[in-house]
$ cat data.cif   # mmCIF, C-alpha atoms
data_run
loop_
_atom_site.label_atom_id
_atom_site.label_comp_id
_atom_site.auth_asym_id
_atom_site.auth_seq_id
_atom_site.Cartn_x
_atom_site.Cartn_y
_atom_site.Cartn_z
CA MET E 1 1.87 -8.97 -24.09
CA ASN E 2 5.56 -9.67 -24.58
CA GLU E 3 6.78 -12.55 -26.68
CA SER E 4 7.51 -15.74 -24.77
CA ARG E 5 11.07 -17.07 -24.71
CA ASP E 6 9.99 -20.73 -24.84
CA GLU E 7 12.38 -23.08 -26.65
CA ALA E 8 11.87 -23.19 -30.40
CA ILE E 9 11.06 -26.46 -32.18
CA THR E 10 11.97 -27.72 -35.64
CA ALA E 11 10.10 -29.76 -38.22
CA PRO E 12 10.92 -31.32 -41.62
CA LEU E 13 10.44 -28.98 -44.59
CA SER E 14 9.55 -30.01 -48.14
CA LEU E 15 10.09 -27.55 -50.99
CA HIS E 16 7.69 -27.06 -53.91
CA GLY E 17 9.21 -25.35 -56.91
CA LEU E 18 7.78 -22.22 -58.52
CA PRO E 19 8.30 -20.94 -62.10
CA GLY E 20 10.16 -17.94 -60.68
CA SER E 21 11.52 -16.50 -57.46
CA GLY E 22 10.15 -13.97 -55.02
CA GLY E 23 6.98 -15.40 -53.48
CA GLU E 24 6.29 -12.73 -50.84
CA ASP E 25 2.90 -13.88 -49.51
CA VAL E 26 1.07 -17.20 -49.51
CA LEU E 27 -2.68 -17.72 -49.72
CA ILE E 28 -4.39 -21.10 -49.24
CA GLU E 29 -7.65 -21.46 -51.17
CA GLN E 30 -10.64 -23.51 -50.04
CA ASP E 31 -9.72 -26.47 -52.25
CA GLY E 32 -6.19 -26.55 -50.84
CA SER E 33 -4.51 -24.83 -53.77
CA VAL E 34 -1.85 -22.28 -52.89
CA VAL E 35 -1.38 -18.83 -54.46
CA THR E 36 1.63 -16.52 -54.39
CA GLY E 37 3.02 -13.58 -56.37
CA LEU E 38 6.43 -13.64 -58.05
CA GLY E 39 9.08 -11.03 -58.66
CA ASN E 40 8.23 -10.85 -62.40
CA GLY E 41 4.65 -9.75 -61.62
CA ASP E 42 3.00 -13.15 -62.11
CA VAL E 43 0.36 -14.32 -59.65
CA VAL E 44 0.52 -18.10 -59.69
CA ARG E 45 -1.47 -21.02 -58.30
CA LEU E 46 0.25 -24.18 -57.11
CA THR E 47 -1.81 -27.38 -57.26
CA THR E 48 -1.07 -31.09 -57.29
CA ASP E 49 -0.93 -30.82 -61.10
CA GLY E 50 1.70 -28.08 -61.16
CA THR E 51 1.56 -24.30 -61.38
CA ALA E 52 -0.61 -21.96 -63.43
CA VAL E 53 -0.29 -18.22 -63.99
CA LEU E 54 -3.50 -16.44 -62.94
CA GLY E 55 -2.46 -12.99 -64.12
CA ASN E 56 0.38 -10.50 -64.20
CA THR E 57 0.23 -7.21 -62.32
CA GLY E 58 2.95 -5.48 -64.30
CA GLY E 59 4.65 -4.64 -61.02
CA ARG E 60 5.79 -6.35 -57.85
CA PRO E 61 2.94 -8.29 -56.12
CA LEU E 62 3.12 -8.52 -52.33
CA GLY E 63 0.13 -9.29 -50.05
CA LEU E 64 -2.78 -11.43 -51.29
CA GLU E 65 -6.40 -11.62 -50.12
CA ALA E 66 -9.22 -13.83 -51.42
CA CYS E 67 -12.63 -12.34 -52.21
CA ALA E 68 -16.01 -14.07 -52.02
CA ASP E 69 -16.54 -13.73 -55.79
CA GLY E 70 -13.39 -15.73 -56.57
CA THR E 71 -11.20 -12.76 -57.43
CA LEU E 72 -8.01 -11.88 -55.60
CA LEU E 73 -6.91 -8.63 -54.04
CA VAL E 74 -3.23 -8.09 -54.75
CA CYS E 75 -1.12 -5.44 -53.04
CA ASP E 76 1.48 -4.37 -55.57
CA HIS E 77 4.51 -2.32 -54.60
CA ASP E 78 4.48 -0.46 -57.94
CA LYS E 79 0.82 -0.42 -59.00
CA GLY E 80 -1.16 -0.10 -55.75
CA LEU E 81 -4.13 -2.21 -54.71
CA LEU E 82 -5.28 -4.42 -57.58
CA ARG E 83 -7.94 -7.02 -58.27
CA VAL E 84 -7.00 -10.10 -60.29
CA ASP E 85 -9.64 -12.36 -61.85
CA PRO E 86 -8.14 -15.87 -62.02
CA ALA E 87 -10.78 -16.95 -64.53
CA THR E 88 -9.75 -14.38 -67.15
CA GLY E 89 -6.38 -13.01 -65.99
CA ARG E 90 -7.85 -9.51 -66.00
CA VAL E 91 -6.18 -7.03 -63.65
CA THR E 92 -8.06 -3.93 -62.48
CA VAL E 93 -7.03 -1.09 -60.19
CA VAL E 94 -8.86 -0.73 -56.88
CA LEU E 95 -6.69 2.06 -55.44
CA ASN E 96 -3.51 3.63 -56.76
CA GLU E 97 -3.47 7.02 -55.06
CA ILE E 98 -4.26 8.46 -51.65
CA ASP E 99 -4.46 12.10 -50.58
CA GLY E 100 -3.75 13.10 -54.17
CA ALA E 101 -0.43 11.24 -54.30
CA PRO E 102 0.51 7.82 -55.69
CA LEU E 103 -0.05 4.92 -53.31
CA ARG E 104 3.44 3.86 -52.24
CA PHE E 105 4.59 0.43 -51.06
CA CYS E 106 1.13 -1.14 -50.81
CA SER E 107 1.85 -4.10 -48.56
CA ASN E 108 -1.14 -6.12 -47.29
CA ALA E 109 -4.94 -6.09 -47.30
CA ALA E 110 -7.92 -7.60 -45.47
CA ARG E 111 -11.56 -7.54 -46.57
CA SER E 112 -14.57 -7.30 -44.24
CA GLU E 113 -18.07 -8.72 -44.71
CA ASP E 114 -19.49 -5.33 -45.68
CA GLY E 115 -17.01 -5.03 -48.55
CA SER E 116 -14.61 -2.63 -46.86
CA ILE E 117 -10.94 -3.23 -47.62
CA TYR E 118 -8.29 -2.42 -45.05
CA LEU E 119 -4.73 -2.11 -46.28
CA THR E 120 -1.28 -1.20 -45.08
CA THR E 121 1.43 0.77 -46.80
CA SER E 122 4.91 0.23 -45.42
CA SER E 123 6.82 3.40 -46.21
CA GLU E 124 6.82 6.74 -47.98
CA THR E 125 10.59 6.65 -48.46
CA ALA E 126 11.70 3.04 -48.94
CA THR E 127 11.41 0.97 -52.09
CA TRP E 128 11.26 -2.78 -52.56
CA ASP E 129 14.88 -2.81 -53.75
CA ASP E 130 16.17 -0.49 -51.02
CA TYR E 131 14.41 -0.79 -47.69
CA GLN E 132 17.57 -1.04 -45.58
CA ALA E 133 17.72 2.74 -45.11
CA ASP E 134 14.32 2.64 -43.42
CA ALA E 135 15.51 -0.21 -41.17
CA ILE E 136 18.62 1.65 -40.07
CA ALA E 137 16.73 4.91 -39.57
CA HIS E 138 13.78 3.14 -37.91
CA ALA E 139 11.54 5.18 -40.21
CA THR E 140 7.86 5.59 -39.36
CA SER E 141 5.89 6.54 -42.46
CA GLY E 142 3.58 3.55 -42.93
CA LYS E 143 -0.20 3.93 -43.20
CA LEU E 144 -3.38 2.05 -42.35
CA ILE E 145 -6.10 2.80 -44.93
CA ARG E 146 -9.75 1.87 -45.34
CA VAL E 147 -11.38 1.63 -48.76
CA HIS E 148 -15.13 1.92 -48.17
CA PRO E 149 -17.59 -0.20 -50.17
CA ASN E 150 -18.47 2.88 -52.27
CA GLY E 151 -14.79 3.46 -53.13
CA ASP E 152 -14.14 6.33 -50.74
CA THR E 153 -10.91 6.14 -48.77
CA THR E 154 -9.94 7.05 -45.21
CA VAL E 155 -6.46 7.09 -43.75
CA LEU E 156 -7.07 5.53 -40.33
CA ASP E 157 -3.53 6.15 -39.10
CA ARG E 158 -0.13 7.12 -40.38
CA ASN E 159 3.47 7.25 -39.13
CA LEU E 160 3.49 3.50 -38.50
CA SER E 161 6.79 1.61 -38.15
CA PHE E 162 6.85 -0.12 -41.55
CA ALA E 163 3.26 -1.37 -41.42
CA ASN E 164 3.11 -4.81 -42.98
CA GLY E 165 0.92 -7.87 -42.32
CA ILE E 166 -2.78 -7.33 -41.57
CA ALA E 167 -5.57 -9.68 -40.49
CA LEU E 168 -9.20 -9.13 -39.51
CA ALA E 169 -10.47 -10.63 -36.25
CA PRO E 170 -13.12 -13.37 -36.70
CA ASP E 171 -15.81 -11.10 -35.22
CA GLU E 172 -14.43 -8.09 -37.13
CA SER E 173 -13.99 -6.21 -33.87
CA CYS E 174 -10.40 -5.28 -34.70
CA LEU E 175 -7.55 -5.51 -37.14
CA TYR E 176 -4.21 -7.10 -36.29
CA VAL E 177 -1.37 -5.08 -37.83
CA ALA E 178 2.31 -6.02 -37.84
CA GLU E 179 4.83 -3.19 -37.59
CA THR E 180 8.06 -4.69 -38.86
CA LEU E 181 10.39 -2.01 -37.50
CA GLY E 182 8.45 -1.73 -34.24
CA TYR E 183 8.96 -5.45 -33.48
CA ARG E 184 5.27 -5.75 -32.59
CA ILE E 185 1.73 -6.63 -33.62
CA ARG E 186 -1.03 -4.27 -32.52
CA ARG E 187 -4.81 -4.25 -32.59
CA TYR E 188 -6.68 -1.43 -34.30
CA TRP E 189 -10.21 -1.48 -32.91
CA LEU E 190 -13.13 -1.19 -35.32
CA LYS E 191 -16.05 -1.68 -32.92
CA GLY E 192 -17.08 -0.81 -29.38
CA GLU E 193 -15.87 1.87 -27.01
CA ARG E 194 -12.29 1.50 -28.23
CA ALA E 195 -13.14 1.97 -31.92
CA GLY E 196 -10.51 4.07 -33.65
CA THR E 197 -7.78 3.35 -31.07
CA TRP E 198 -4.82 1.00 -30.80
CA SER E 199 -3.84 -1.56 -28.19
CA ASP E 200 -0.85 -3.88 -27.99
CA PHE E 201 -1.22 -7.52 -28.98
CA VAL E 202 2.38 -8.78 -28.97
CA THR E 203 5.34 -6.49 -28.30
CA GLY E 204 9.07 -6.91 -27.98
CA LEU E 205 9.34 -9.58 -30.67
CA HIS E 206 12.83 -11.01 -31.10
CA GLY E 207 12.54 -10.77 -34.89
CA PHE E 208 11.05 -8.62 -37.66
CA PRO E 209 7.34 -9.50 -38.15
CA ASP E 210 6.23 -9.60 -41.78
CA ASN E 211 3.00 -11.12 -43.15
CA ILE E 212 0.41 -12.46 -40.72
CA SER E 213 -2.56 -14.76 -41.27
CA LEU E 214 -5.45 -16.05 -39.18
CA SER E 215 -6.17 -19.79 -39.19
CA SER E 216 -9.62 -21.38 -39.00
CA THR E 217 -8.65 -22.57 -35.50
CA GLY E 218 -8.15 -19.03 -34.25
CA LEU E 219 -4.37 -18.83 -34.34
CA LEU E 220 -2.61 -15.72 -35.61
CA TRP E 221 0.45 -16.83 -37.55
CA VAL E 222 3.37 -14.47 -38.09
CA ALA E 223 6.39 -14.87 -40.36
CA LEU E 224 9.70 -13.61 -38.99
CA PRO E 225 12.21 -13.32 -41.85
CA ALA E 226 15.13 -12.65 -39.52
CA PRO E 227 16.05 -12.11 -35.88
CA ARG E 228 16.61 -8.62 -34.59
CA ILE E 229 20.01 -7.13 -35.38
CA ALA E 230 22.05 -5.95 -32.41
CA LEU E 231 23.50 -2.96 -34.25
CA LEU E 232 20.05 -1.66 -35.17
CA ASP E 233 18.90 -1.97 -31.56
CA PHE E 234 22.05 -0.13 -30.47
CA LEU E 235 21.41 2.71 -32.93
CA LEU E 236 17.71 3.14 -32.17
CA PRO E 237 18.02 5.35 -29.04
CA ARG E 238 21.11 7.19 -30.31
CA HIS E 239 21.36 10.52 -32.09
CA PRO E 240 20.05 10.36 -35.70
CA ALA E 241 23.51 11.41 -36.90
CA LEU E 242 24.84 7.99 -35.92
CA ARG E 243 22.18 6.26 -38.00
CA THR E 244 23.06 8.55 -40.91
CA LEU E 245 26.68 7.47 -40.63
CA ALA E 246 25.62 3.82 -40.68
CA LEU E 247 23.80 4.43 -43.95
CA LYS E 248 27.02 5.72 -45.49
CA LEU E 249 28.88 2.52 -44.78
CA PRO E 250 29.57 0.28 -47.79
CA ARG E 251 26.70 -2.17 -48.23
CA VAL E 252 28.91 -5.12 -47.30
CA LEU E 253 29.51 -3.51 -43.90
CA GLN E 254 25.89 -2.61 -43.20
CA PRO E 255 23.93 -4.90 -40.82
CA ARG E 256 22.59 -8.04 -42.49
CA PRO E 257 20.05 -10.56 -41.19
CA LYS E 258 20.92 -14.15 -40.34
CA ARG E 259 19.65 -17.01 -42.51
CA ILE E 260 16.84 -18.75 -40.67
CA VAL E 261 13.37 -20.31 -41.07
CA TRP E 262 11.11 -18.86 -38.36
CA VAL E 263 7.35 -18.65 -37.81
CA GLN E 264 5.20 -18.25 -34.71
CA ALA E 265 1.52 -18.57 -33.81
CA TYR E 266 -0.42 -16.78 -31.08
CA ASP E 267 -3.89 -17.35 -29.73
CA LEU E 268 -6.24 -14.37 -29.78
CA ASP E 269 -5.26 -13.45 -26.23
CA GLY E 270 -1.70 -12.88 -27.43
CA ARG E 271 -0.22 -16.07 -25.92
CA LEU E 272 2.48 -17.86 -27.86
CA VAL E 273 1.34 -21.31 -29.02
CA TYR E 274 3.94 -22.27 -31.65
CA ASN E 275 7.54 -21.15 -32.02
CA ILE E 276 9.00 -22.97 -35.03
CA ARG E 277 12.58 -22.00 -35.77
CA MET E 278 15.25 -23.86 -37.73
CA ARG E 279 17.87 -23.70 -40.45
CA HIS E 280 17.47 -25.20 -43.92
CA ARG E 281 20.04 -25.43 -46.70
CA GLY E 282 17.58 -24.43 -49.42
CA PHE E 283 15.15 -22.07 -47.70
CA SER E 284 15.30 -19.01 -45.44
CA PHE E 285 13.94 -15.49 -44.89
CA VAL E 286 10.30 -16.53 -44.48
CA THR E 287 8.01 -13.62 -45.36
CA ALA E 288 4.63 -15.36 -45.07
CA VAL E 289 2.97 -18.34 -43.41
CA ALA E 290 -0.54 -19.79 -43.66
CA GLN E 291 -2.18 -22.83 -42.06
CA SER E 292 -4.56 -25.31 -43.69
CA GLU E 293 -5.70 -27.98 -41.25
CA GLY E 294 -2.48 -29.71 -40.14
CA THR E 295 -0.24 -28.17 -42.79
CA LEU E 296 1.76 -24.94 -42.91
CA TRP E 297 2.81 -23.24 -46.14
CA LEU E 298 5.72 -20.79 -46.07
CA ALA E 299 6.82 -18.21 -48.64
CA SER E 300 10.16 -16.49 -49.08
CA VAL E 301 11.13 -13.70 -51.45
CA ARG E 302 14.61 -15.20 -51.76
CA HIS E 303 13.69 -18.56 -53.30
CA ALA E 304 11.87 -20.02 -56.29
CA ALA E 305 9.87 -22.34 -54.07
CA LEU E 306 7.28 -22.52 -51.34
CA ALA E 307 7.95 -24.65 -48.29
CA ARG E 308 5.49 -27.02 -46.63
CA LEU E 309 5.61 -28.68 -43.24
CA ALA E 310 3.29 -30.74 -41.10
CA LEU E 311 2.10 -28.84 -38.05
CA PRO E 312 4.06 -30.22 -35.09
CA PRO E 313 2.63 -30.73 -31.59
CA ARG E 314 2.21 -27.54 -29.62
CA ASN E 315 5.46 -26.63 -27.96
CA VAL E 316 4.17 -23.93 -25.64
CA THR E 317 1.83 -24.50 -22.70
CA VAL E 318 -1.00 -21.96 -22.71
#
$ encode --input "data.cif" --output "structure tokens"
Amino acid sequence: MNESRDEAITAPLSLHGLPGSGGEDVLIEQDGSVVTGLGNGDVVRLTTDGTAVLGNTGGRPLGLEACADGTLLVCDHDKGLLRVDPATGRVTVVLNEIDGAPLRFCSNAARSEDGSIYLTTSSETATWDDYQADAIAHATSGKLIRVHPNGDTTVLDRNLSFANGIALAPDESCLYVAETLGYRIRRYWLKGERAGTWSDFVTGLHGFPDNISLSSTGLLWVALPAPRIALLDFLLPRHPALRTLALKLPRVLQPRPKRIVWVQAYDLDGRLVYNIRMRHRGFSFVTAVAQSEGTLWLASVRHAALARLALPPRNVTV
């Protein structure tokens, strides 16, 4: 289903400082505490009493996933899929290689009831510090991987368009996977006649989808760090030589995203329910969003803060 063009709404944002910058994902725990990972490798918890460091990955933490035993799965760009024990700070490796090669750009993970872990890798060529080449080239080297309960791994699909956010359906019938450079969210079916195949969930997004999360009310939230860039859309159908030329431009002349705060929510039929879009002097480039009751928490890799806003009335008729 294509993204609706309904008018965006705005809402007041409050900022909550972090001990460092670079919160890429945001995870809301059962007691209302909020967890994110910083650019210096720290995984931190934000509570009403302040912030506490839960552990340090030694790399660049990205996606976060809570486990039933109280530990956290952390996707680390440099180190692979890790497990962090908040009680002790201990960090252990779950997966750091696939097909005999190092696991590159581990992005997001989701855990099923049987203990399987599903994770995305974004690229075989880009790095955290230099992903613009992939954007200009519209590279497709992301992966969807399953780690079985016994530790075995299966690559479920590859050649994805910068695979990023991932969420498991409430009935575990499918995975929702955001492809940032494909401007879409797709379903990968795990059960039934369609098991092992893809179907579209939301296509033709007007921005770059990043992390996604599923609320207890059955809404799939997606963070959109920036709107689509006209030059990239112009280059996509053209000869690859043109995209190569664009990469050779000085960085100041290469396409850059606009500063904006933007998140959306869809029901599980793919219908747009919330379209929250605004500008804020101290916050932009939202890479993650999560809902707890009537509150949204937003993360951005560009700021040393998380943002919080009260969930506004629905602005889209469904």
$ resolve_selection --input "data.cif" --expression "the PyMOL selection byres ((chain E and resi 108) around 6)" --output "PDB file with C-alpha atoms, in the coordinates of the input"
ATOM      1  CA  GLY E  63       0.130  -9.290 -50.050  1.00  0.00           C
ATOM      2  CA  CYS E  75      -1.120  -5.440 -53.040  1.00  0.00           C
ATOM      3  CA  SER E 107       1.850  -4.100 -48.560  1.00  0.00           C
ATOM      4  CA  ALA E 109      -4.940  -6.090 -47.300  1.00  0.00           C
ATOM      5  CA  LEU E 119      -4.730  -2.110 -46.280  1.00  0.00           C
ATOM      6  CA  THR E 120      -1.280  -1.200 -45.080  1.00  0.00           C
ATOM      7  CA  GLY E 165       0.920  -7.870 -42.320  1.00  0.00           C
TER       8      GLY E 165
END
$ closest_residue --input "data.cif" --among "E:Val273, E:Ala139, E:Leu13, E:Leu73" --to "E:Thr125" --atoms "only C-alpha atoms"
E:Ala139
$ atom_distance --input "data.cif" --atom1 "atom CA of E:Leu18" --atom2 "atom CA of E:Gly55"
14.9 Å
$ resolve_selection --input "data.cif" --expression "the PyMOL selection byres ((chain E and resi 46-48) around 9)" --output "PDB file with C-alpha atoms, in the frame of the given file"
ATOM      1  CA  HIS E  16       7.690 -27.060 -53.910  1.00  0.00           C
ATOM      2  CA  LEU E  18       7.780 -22.220 -58.520  1.00  0.00           C
ATOM      3  CA  GLY E  32      -6.190 -26.550 -50.840  1.00  0.00           C
ATOM      4  CA  SER E  33      -4.510 -24.830 -53.770  1.00  0.00           C
ATOM      5  CA  VAL E  34      -1.850 -22.280 -52.890  1.00  0.00           C
ATOM      6  CA  VAL E  35      -1.380 -18.830 -54.460  1.00  0.00           C
ATOM      7  CA  THR E  36       1.630 -16.520 -54.390  1.00  0.00           C
ATOM      8  CA  VAL E  44       0.520 -18.100 -59.690  1.00  0.00           C
ATOM      9  CA  ARG E  45      -1.470 -21.020 -58.300  1.00  0.00           C
ATOM     10  CA  ASP E  49      -0.930 -30.820 -61.100  1.00  0.00           C
ATOM     11  CA  GLY E  50       1.700 -28.080 -61.160  1.00  0.00           C
ATOM     12  CA  THR E  51       1.560 -24.300 -61.380  1.00  0.00           C
ATOM     13  CA  ALA E  52      -0.610 -21.960 -63.430  1.00  0.00           C
TER      14      ALA E  52
END
$ resolve_selection --input "data.cif" --expression "the PyMOL selection byres ((chain E and resi 89) around 9)" --output "number ranges by chain"
E: 53-56, 84-88, 90-91
$ residues_around --input "data.cif" --residues "E:Glu193" --least-positions-apart "4" --cutoff "12 Å" --atoms "all atoms listed in the file" --output "JSON, numbers by chain"
{"E": [173, 174, 189, 197, 198]}
$ atom_distance --input "data.cif" --atom1 "atom CA of E:Asp200" --atom2 "atom CA of E:Ile185"
6.8 Å
$ residues_around --input "data.cif" --residues "E:Glu172" --least-positions-apart "6" --cutoff "10 Å" --atoms "only C-alpha atoms" --output "JSON, numbers by chain"
{"E": [111, 112, 113, 189, 190, 191]}
